[in-house]
Amino acid sequence: MKFIWEFSNNLPFYAVTITDGCKVKPSLGVFMPTKTKPKAASKSTGEIVLNTYVLNEISRLSEIHGVDSSVLEEFAKFVIEKYKKKVKPITQTQMKQAIYTYFDVATTPLLKKSPRFQMATSGIDGLDLGKKDGWEKLYRKFIGVLPQEENEKGRGCINGINIFKYDKPWRAFGLDPKKATTEDIKSTYYRLSKIYHPDNKDTGDSEVFDRLTLFYKSLTEKF
Amino acid sequence: MAEIYITSQRLAEVLKIAPEKLEEIENHFDSILDDEWELVEGKDYKIVQQSTGLREYTTSGAYAVAEYLEKTQQSRGILGIIRKFISILKGNIRKAFVKEKILNNCSSLVRRQNYFFISETDVVAIFGTNKAYLRKMGEAAKKNDQTILLENIDYADFIQEGVRFYSLSGIDKLSQVIAQHHTKKNRRDWCSDVGKVIQPQVSDIVDQIIKREKSIQSIKNSAKKRDKDTCQVTLQRKARIKKVQFAAHHLYSASQYPHLAASVENLITITTEVHDHFHQFMGGFDKPCTVDDFIKFVKHYYPENTQVVIWLEHQKKVLGNPQPSQPHVLYLPASKVC
């Protein structure tokens, strides 16, 4: 995602435009009218560049409040960077289609009859294809992370992934599989263990800890 | 891979021409020697019926016919169709070989916690690789969240001491990694197919194991019916007042001679007391036995019943001289996979 700042000469506002055309109201307390048209994405450079209007505003504010302008610049960039586009959830039809393709079938009855499907799902408890939940389980297992579950928060969510829903040890440990060493895995596990070990009365969770231990064993297994 | 043959009828169907038209093309090819259209027996086709000259085509023969149609009959795209057909055919044939390999190399199949596992030795044989390479691929699989093998889900060390087992999902992940690493196309295709067919193949195998167990039970009932619910050793019959329990005993033990387990000729009806006595005589129910052991037992404990010995000698002739069978997945007890 790329950002550019946009400025209208005769109006007391500015806006942030992201390259896919969505507009964001920046968190600097300035109103953004809906009439503002986003600039073309191709003009962006990929780096967050604050335009002169914003920089002028930063100078003004820094003078009034006696704050270093670099602090405000940093904050402005932080706001842009942390902007999160609303994720459109995947529809049940899209989920079904992805599953059909994966199992090389065209319909749900054929999917249910498929020996490959039957065998592959024998380990999934309570799979009900009459419900959306059933299709979600299949999508998570065979296709990938549901868009609406990216950066999920709540119990069992570590580094933006729900460890009960997904078998993604690297993601849960927040490590790069290409660069991480065994020491990195160990230290991450110990760090997470301090939080989730059942002995920790405040944040301990035995189920989370068991799952993390499974991930740790799988990551450190010597084949 | 061995040469693939395509029947004339199938080739005509794929080329979307009538069988008579194919015959006409064959005649045209054969009529003028040394022109550009040649079909060579042994290379492009083989004769499968001498009286009619019916042919089966090799891939080169099929391409030659398709090329002829494209160039002379304005059948545009027919070469593409035949190329795709041959590619699918080759793929299906390779998958059939992979399935056969799985069938003959998964006697270690076992179900644990809803997952089917196969021993490492069998997995090595199925992939046609060696243990060191498989382990190396296990390491490579670790480098990606999609393929990383999870303990007790994709692999397990608790099933048999000192033996690693892989689940079907584990085998599928390994197949993806091996297919990525192999430089030879044929090996890549084979390993990739293992992942694709392992689940349906094991599903079919499990169905067959369950079916076999049911058929053994049904054959046991048939043996009791044949013997008129009478113990062939003590001649005790089914009685209303004094209840007698009968067992259908395998003359050649089902564990060592599983290929005879569903044969009625290999069964004899005896009371449970006689059955228990015989297996005590043999040293336990888990000890293998043959018809000779049973003859020895009868002669020792029931010497007056000479008729059953004659019948047993007859069964011995009928059953031939069977040899103990090698372990095979199809002979596994259903309890291992249910």
# chains A, B, ... in the order shown; residues from 1 in each chain; ligands from 1
>>> interface_residues(of="chain A", to="chain B", cutoff="8 Å", atoms="only C-alpha atoms", output="PyMOL selection string")
chain A and resi 114-116+119-120+122-123+167-171+177-178+214-215+217-219+222-223
>>> write_last_selection(atoms="C-alpha atoms", output="mmCIF file, in the first residue's frame")
data_model
loop_
_atom_site.group_PDB
_atom_site.id
_atom_site.type_symbol
_atom_site.label_atom_id
_atom_site.label_comp_id
_atom_site.auth_asym_id
_atom_site.auth_seq_id
_atom_site.Cartn_x
_atom_site.Cartn_y
_atom_site.Cartn_z
ATOM 1 C CA SER A 114 -14.670 -37.292 -2.818
ATOM 2 C CA PRO A 115 -12.506 -39.882 -1.004
ATOM 3 C CA ARG A 116 -9.649 -37.376 -0.927
ATOM 4 C CA MET A 119 -9.797 -38.651 4.197
ATOM 5 C CA ALA A 120 -8.347 -35.129 4.398
ATOM 6 C CA SER A 122 -11.266 -37.033 8.944
ATOM 7 C CA GLY A 123 -9.268 -35.172 11.607
ATOM 8 C CA ASP A 167 -1.199 -24.095 11.997
ATOM 9 C CA LYS A 168 1.267 -21.307 11.303
ATOM 10 C CA PRO A 169 4.141 -21.572 13.757
ATOM 11 C CA TRP A 170 6.450 -19.099 12.004
ATOM 12 C CA ARG A 171 3.760 -16.471 11.852
ATOM 13 C CA PRO A 177 11.749 -18.881 8.369
ATOM 14 C CA LYS A 178 14.583 -17.995 6.004
ATOM 15 C CA LEU A 214 3.510 -27.894 19.796
ATOM 16 C CA PHE A 215 4.671 -25.140 17.453
ATOM 17 C CA LYS A 217 8.593 -28.677 18.987
ATOM 18 C CA SER A 218 7.694 -28.646 15.303
ATOM 19 C CA LEU A 219 10.003 -25.699 14.606
ATOM 20 C CA LYS A 222 15.617 -32.277 13.853
ATOM 21 C CA PHE A 223 14.690 -34.379 10.875
#
>>> residues_around(residues="Ala262 in chain B", least_positions_apart="5", cutoff="10 Å", atoms="only C-alpha atoms", output="list in words")
Arg212, Glu213, Lys214, Ser215, Ile216, Gln217, Ser218, Ile219, Lys220, His250, Ala254 and Leu267 of chain B
>>> write_last_selection(atoms="C-alpha atoms", output="JSON list (two decimals), in the first residue's frame")
[["chain", "number", "residue", "atom", "x", "y", "z"],
["B", 212, "ARG", "CA", -12.78, -58.23, 4.08],
["B", 213, "GLU", "CA", -13.42, -58.43, 7.82],
["B", 214, "LYS", "CA", -17.17, -58.51, 7.20],
["B", 215, "SER", "CA", -16.75, -61.21, 4.57],
["B", 216, "ILE", "CA", -14.67, -63.34, 6.98],
["B", 217, "GLN", "CA", -17.51, -63.17, 9.50],
["B", 218, "SER", "CA", -20.00, -64.11, 6.83],
["B", 219, "ILE", "CA", -17.81, -67.06, 5.68],
["B", 220, "LYS", "CA", -17.56, -68.26, 9.28],
["B", 250, "HIS", "CA", -9.15, -71.46, 10.76],
["B", 254, "ALA", "CA", -5.64, -66.16, 9.76],
["B", 267, "LEU", "CA", -12.76, -73.40, 8.30]]
>>> closest_residue(among="A:Thr182, A:Thr108, A:Asn151, A:Ser69", to="Glu221 in chain A", atoms="only C-alpha atoms")
A:Thr182
>>> atom_distance(atom1="CA of Pro327 in chain B", atom2="CA of His259 in chain B")
10.5 Å
>>> select_by_dssp(residues="range 151-203 of chain A", states="strand (DSSP E)", output="compact mmCIF listing (two decimals) with C-alpha atoms, in the first residue's frame")
# COMPACT_ATOMS: atom_id res chain seq x y z
CA CYS A 157 -4.06 -14.42 18.81
CA ILE A 158 -0.32 -13.93 18.68
CA ILE A 161 -2.77 -14.95 13.91
CA ASN A 162 -5.17 -17.09 15.91
>>> residues_around(residues="Thr213 in chain A", least_positions_apart="3", cutoff="12 Å", atoms="only C-alpha atoms", output="MDAnalysis selection string")
(chainID A and resid 163 169 172:173 185:186 188:190 192:193 196:197 206:210 216:221) or (chainID B and resid 150:151)
>>> write_last_selection(atoms="N, CA and C atoms", output="CSV table (one decimal), in the first residue's frame")
chain,number,residue,atom,x,y,z
A,163,ILE,N,-3.8,-18.8,16.9
A,163,ILE,CA,-3.1,-20.1,16.9
A,163,ILE,C,-4.0,-21.3,17.0
A,169,PRO,N,3.2,-21.8,12.7
A,169,PRO,CA,4.1,-21.6,13.8
A,169,PRO,C,5.0,-20.4,13.5
A,172,ALA,N,3.1,-17.2,14.1
A,172,ALA,CA,2.8,-17.0,15.5
A,172,ALA,C,4.0,-16.6,16.3
A,173,PHE,N,5.2,-17.1,15.9
A,173,PHE,CA,6.4,-16.7,16.6
A,173,PHE,C,7.0,-15.4,16.0
A,185,ILE,N,14.3,-19.1,17.7
A,185,ILE,CA,13.0,-19.8,18.0
A,185,ILE,C,12.9,-20.0,19.5
A,186,LYS,N,14.1,-20.4,20.1
A,186,LYS,CA,14.1,-20.7,21.6
A,186,LYS,C,13.7,-19.5,22.4
A,188,THR,N,12.2,-16.8,21.4
A,188,THR,CA,10.8,-16.4,21.2
A,188,THR,C,9.9,-17.3,22.1
A,189,TYR,N,10.2,-18.6,22.1
A,189,TYR,CA,9.3,-19.5,22.8
A,189,TYR,C,9.4,-19.2,24.3
A,190,TYR,N,10.6,-18.9,24.8
A,190,TYR,CA,10.7,-18.6,26.2
A,190,TYR,C,10.0,-17.2,26.6
A,192,LEU,N,7.4,-16.0,25.0
A,192,LEU,CA,6.0,-16.3,25.0
A,192,LEU,C,5.5,-17.1,26.1
A,193,SER,N,6.4,-18.0,26.5
A,193,SER,CA,6.1,-18.9,27.7
A,193,SER,C,5.9,-18.1,29.0
A,196,TYR,N,2.4,-16.9,28.7
A,196,TYR,CA,1.3,-17.9,28.6
A,196,TYR,C,1.4,-19.1,29.5
A,197,HIS,N,2.5,-19.3,30.1
A,197,HIS,CA,2.7,-20.5,31.0
A,197,HIS,C,1.6,-20.4,32.1
A,206,SER,N,-3.2,-22.3,29.7
A,206,SER,CA,-2.6,-23.6,29.4
A,206,SER,C,-2.9,-24.1,28.0
A,207,GLU,N,-4.0,-23.7,27.4
A,207,GLU,CA,-4.3,-24.2,26.0
A,207,GLU,C,-3.4,-23.4,25.0
A,208,VAL,N,-3.2,-22.1,25.3
A,208,VAL,CA,-2.3,-21.4,24.4
A,208,VAL,C,-0.9,-21.9,24.6
A,209,PHE,N,-0.5,-22.2,25.8
A,209,PHE,CA,0.8,-22.6,26.1
A,209,PHE,C,1.1,-24.0,25.4
A,210,ASP,N,0.1,-24.9,25.5
A,210,ASP,CA,0.2,-26.2,24.8
A,210,ASP,C,0.4,-26.1,23.3
A,216,TYR,N,6.6,-25.0,18.9
A,216,TYR,CA,8.0,-24.9,19.2
A,216,TYR,C,8.7,-26.3,18.9
A,217,LYS,N,8.0,-27.3,19.3
A,217,LYS,CA,8.6,-28.7,19.0
A,217,LYS,C,8.7,-28.9,17.5
A,218,SER,N,7.7,-28.5,16.8
A,218,SER,CA,7.7,-28.6,15.3
A,218,SER,C,8.8,-27.8,14.6
A,219,LEU,N,9.0,-26.6,15.2
A,219,LEU,CA,10.0,-25.7,14.6
A,219,LEU,C,11.4,-26.2,14.9
A,220,THR,N,11.6,-26.8,16.0
A,220,THR,CA,12.9,-27.2,16.4
A,220,THR,C,13.2,-28.7,16.2
A,221,GLU,N,12.2,-29.4,15.7
A,221,GLU,CA,12.5,-30.9,15.4
A,221,GLU,C,13.6,-31.1,14.4
B,150,LEU,N,3.9,-30.8,11.6
B,150,LEU,CA,3.5,-30.6,13.0
B,150,LEU,C,3.5,-32.0,13.8
B,151,GLU,N,4.1,-31.9,15.0
B,151,GLU,CA,4.2,-33.1,15.8
B,151,GLU,C,2.8,-33.7,16.1
>>> atom_distance(atom1="CA of Gly77 in chain B", atom2="CA of Glu13 in chain B")
15.0 Å
>>> closest_residue(among="B:Ile205, B:Ala62, B:Ile171, B:Val163", to="Tyr331 in chain B", atoms="only C-alpha atoms")
B:Ile205
>>> atom_distance(atom1="CA of Lys165 in chain A", atom2="CA of Gly144 in chain A")
10.6 Å
>>> select_by_dssp(residues="range 159-289 of chain B", states="alpha helix (DSSP H)", output="VMD selection string")
chain B and resid 168 to 181 185 to 226 272 to 282
>>> write_last_selection(atoms="C-alpha atoms", output="PDB file, in the first residue's frame")
ATOM      1  CA  LEU B 168      -1.332 -38.607   5.202  1.00  0.00           C
ATOM      2  CA  SER B 169      -1.244 -34.830   5.623  1.00  0.00           C
ATOM      3  CA  GLY B 170       2.462 -35.135   6.474  1.00  0.00           C
ATOM      4  CA  ILE B 171       3.052 -37.201   3.340  1.00  0.00           C
ATOM      5  CA  ASP B 172       1.148 -34.618   1.319  1.00  0.00           C
ATOM      6  CA  LYS B 173       3.386 -31.824   2.685  1.00  0.00           C
ATOM      7  CA  LEU B 174       6.522 -33.877   2.017  1.00  0.00           C
ATOM      8  CA  SER B 175       5.364 -34.560  -1.525  1.00  0.00           C
ATOM      9  CA  GLN B 176       5.038 -30.818  -2.171  1.00  0.00           C
ATOM     10  CA  VAL B 177       8.538 -30.148  -0.855  1.00  0.00           C
ATOM     11  CA  ILE B 178      10.161 -33.074  -2.680  1.00  0.00           C
ATOM     12  CA  ALA B 179       8.444 -32.041  -5.913  1.00  0.00           C
ATOM     13  CA  GLN B 180       9.909 -28.542  -5.504  1.00  0.00           C
ATOM     14  CA  HIS B 181      13.429 -29.824  -4.911  1.00  0.00           C
ATOM     15  CA  LYS B 185      10.756 -34.096 -14.169  1.00  0.00           C
ATOM     16  CA  ASN B 186       9.759 -37.750 -13.878  1.00  0.00           C
ATOM     17  CA  ARG B 187      10.741 -37.836 -10.180  1.00  0.00           C
ATOM     18  CA  ARG B 188       8.998 -34.514  -9.597  1.00  0.00           C
ATOM     19  CA  ASP B 189       5.807 -35.825 -11.178  1.00  0.00           C
ATOM     20  CA  TRP B 190       5.953 -39.080  -9.225  1.00  0.00           C
ATOM     21  CA  CYS B 191       6.464 -37.377  -5.839  1.00  0.00           C
ATOM     22  CA  SER B 192       3.803 -34.801  -6.585  1.00  0.00           C
ATOM     23  CA  ASP B 193       1.351 -37.589  -7.493  1.00  0.00           C
ATOM     24  CA  VAL B 194       2.044 -39.334  -4.166  1.00  0.00           C
ATOM     25  CA  GLY B 195       0.530 -36.337  -2.372  1.00  0.00           C
ATOM     26  CA  LYS B 196      -2.411 -36.237  -4.761  1.00  0.00           C
ATOM     27  CA  VAL B 197      -3.388 -39.912  -4.565  1.00  0.00           C
ATOM     28  CA  ILE B 198      -2.365 -40.960  -1.048  1.00  0.00           C
ATOM     29  CA  GLN B 199      -5.643 -39.933   0.545  1.00  0.00           C
ATOM     30  CA  PRO B 200      -8.087 -41.501  -1.951  1.00  0.00           C
ATOM     31  CA  GLN B 201      -5.929 -44.612  -2.164  1.00  0.00           C
ATOM     32  CA  VAL B 202      -5.816 -45.110   1.614  1.00  0.00           C
ATOM     33  CA  SER B 203      -9.552 -44.482   1.706  1.00  0.00           C
ATOM     34  CA  ASP B 204     -10.103 -47.296  -0.809  1.00  0.00           C
ATOM     35  CA  ILE B 205      -7.711 -49.580   1.096  1.00  0.00           C
ATOM     36  CA  VAL B 206      -9.537 -48.960   4.386  1.00  0.00           C
ATOM     37  CA  ASP B 207     -12.869 -49.750   2.698  1.00  0.00           C
ATOM     38  CA  GLN B 208     -11.389 -53.010   1.433  1.00  0.00           C
ATOM     39  CA  ILE B 209     -10.055 -53.966   4.890  1.00  0.00           C
ATOM     40  CA  ILE B 210     -13.475 -53.398   6.455  1.00  0.00           C
ATOM     41  CA  LYS B 211     -15.175 -55.311   3.633  1.00  0.00           C
ATOM     42  CA  ARG B 212     -12.780 -58.227   4.083  1.00  0.00           C
ATOM     43  CA  GLU B 213     -13.422 -58.434   7.822  1.00  0.00           C
ATOM     44  CA  LYS B 214     -17.173 -58.506   7.198  1.00  0.00           C
ATOM     45  CA  SER B 215     -16.745 -61.206   4.566  1.00  0.00           C
ATOM     46  CA  ILE B 216     -14.670 -63.342   6.982  1.00  0.00           C
ATOM     47  CA  GLN B 217     -17.505 -63.165   9.503  1.00  0.00           C
ATOM     48  CA  SER B 218     -19.996 -64.113   6.831  1.00  0.00           C
ATOM     49  CA  ILE B 219     -17.811 -67.059   5.681  1.00  0.00           C
ATOM     50  CA  LYS B 220     -17.563 -68.260   9.278  1.00  0.00           C
ATOM     51  CA  ASN B 221     -21.361 -68.354   9.435  1.00  0.00           C
ATOM     52  CA  SER B 222     -21.422 -70.282   6.134  1.00  0.00           C
ATOM     53  CA  ALA B 223     -18.981 -72.845   7.561  1.00  0.00           C
ATOM     54  CA  LYS B 224     -21.209 -73.373  10.599  1.00  0.00           C
ATOM     55  CA  LYS B 225     -24.182 -73.827   8.308  1.00  0.00           C
ATOM     56  CA  ARG B 226     -22.251 -76.294   6.137  1.00  0.00           C
ATOM     57  CA  THR B 272     -15.530 -73.167  21.940  1.00  0.00           C
ATOM     58  CA  GLU B 273     -14.179 -75.668  24.523  1.00  0.00           C
ATOM     59  CA  VAL B 274     -12.391 -77.643  21.792  1.00  0.00           C
ATOM     60  CA  HIS B 275     -11.241 -74.383  20.215  1.00  0.00           C
ATOM     61  CA  ASP B 276      -9.752 -73.116  23.496  1.00  0.00           C
ATOM     62  CA  HIS B 277      -8.197 -76.514  24.154  1.00  0.00           C
ATOM     63  CA  PHE B 278      -6.534 -76.615  20.741  1.00  0.00           C
ATOM     64  CA  HIS B 279      -5.026 -73.142  21.115  1.00  0.00           C
ATOM     65  CA  GLN B 280      -3.791 -74.020  24.624  1.00  0.00           C
ATOM     66  CA  PHE B 281      -2.225 -77.095  23.014  1.00  0.00           C
ATOM     67  CA  MET B 282      -0.531 -74.758  20.514  1.00  0.00           C
TER      68      MET B 282
END
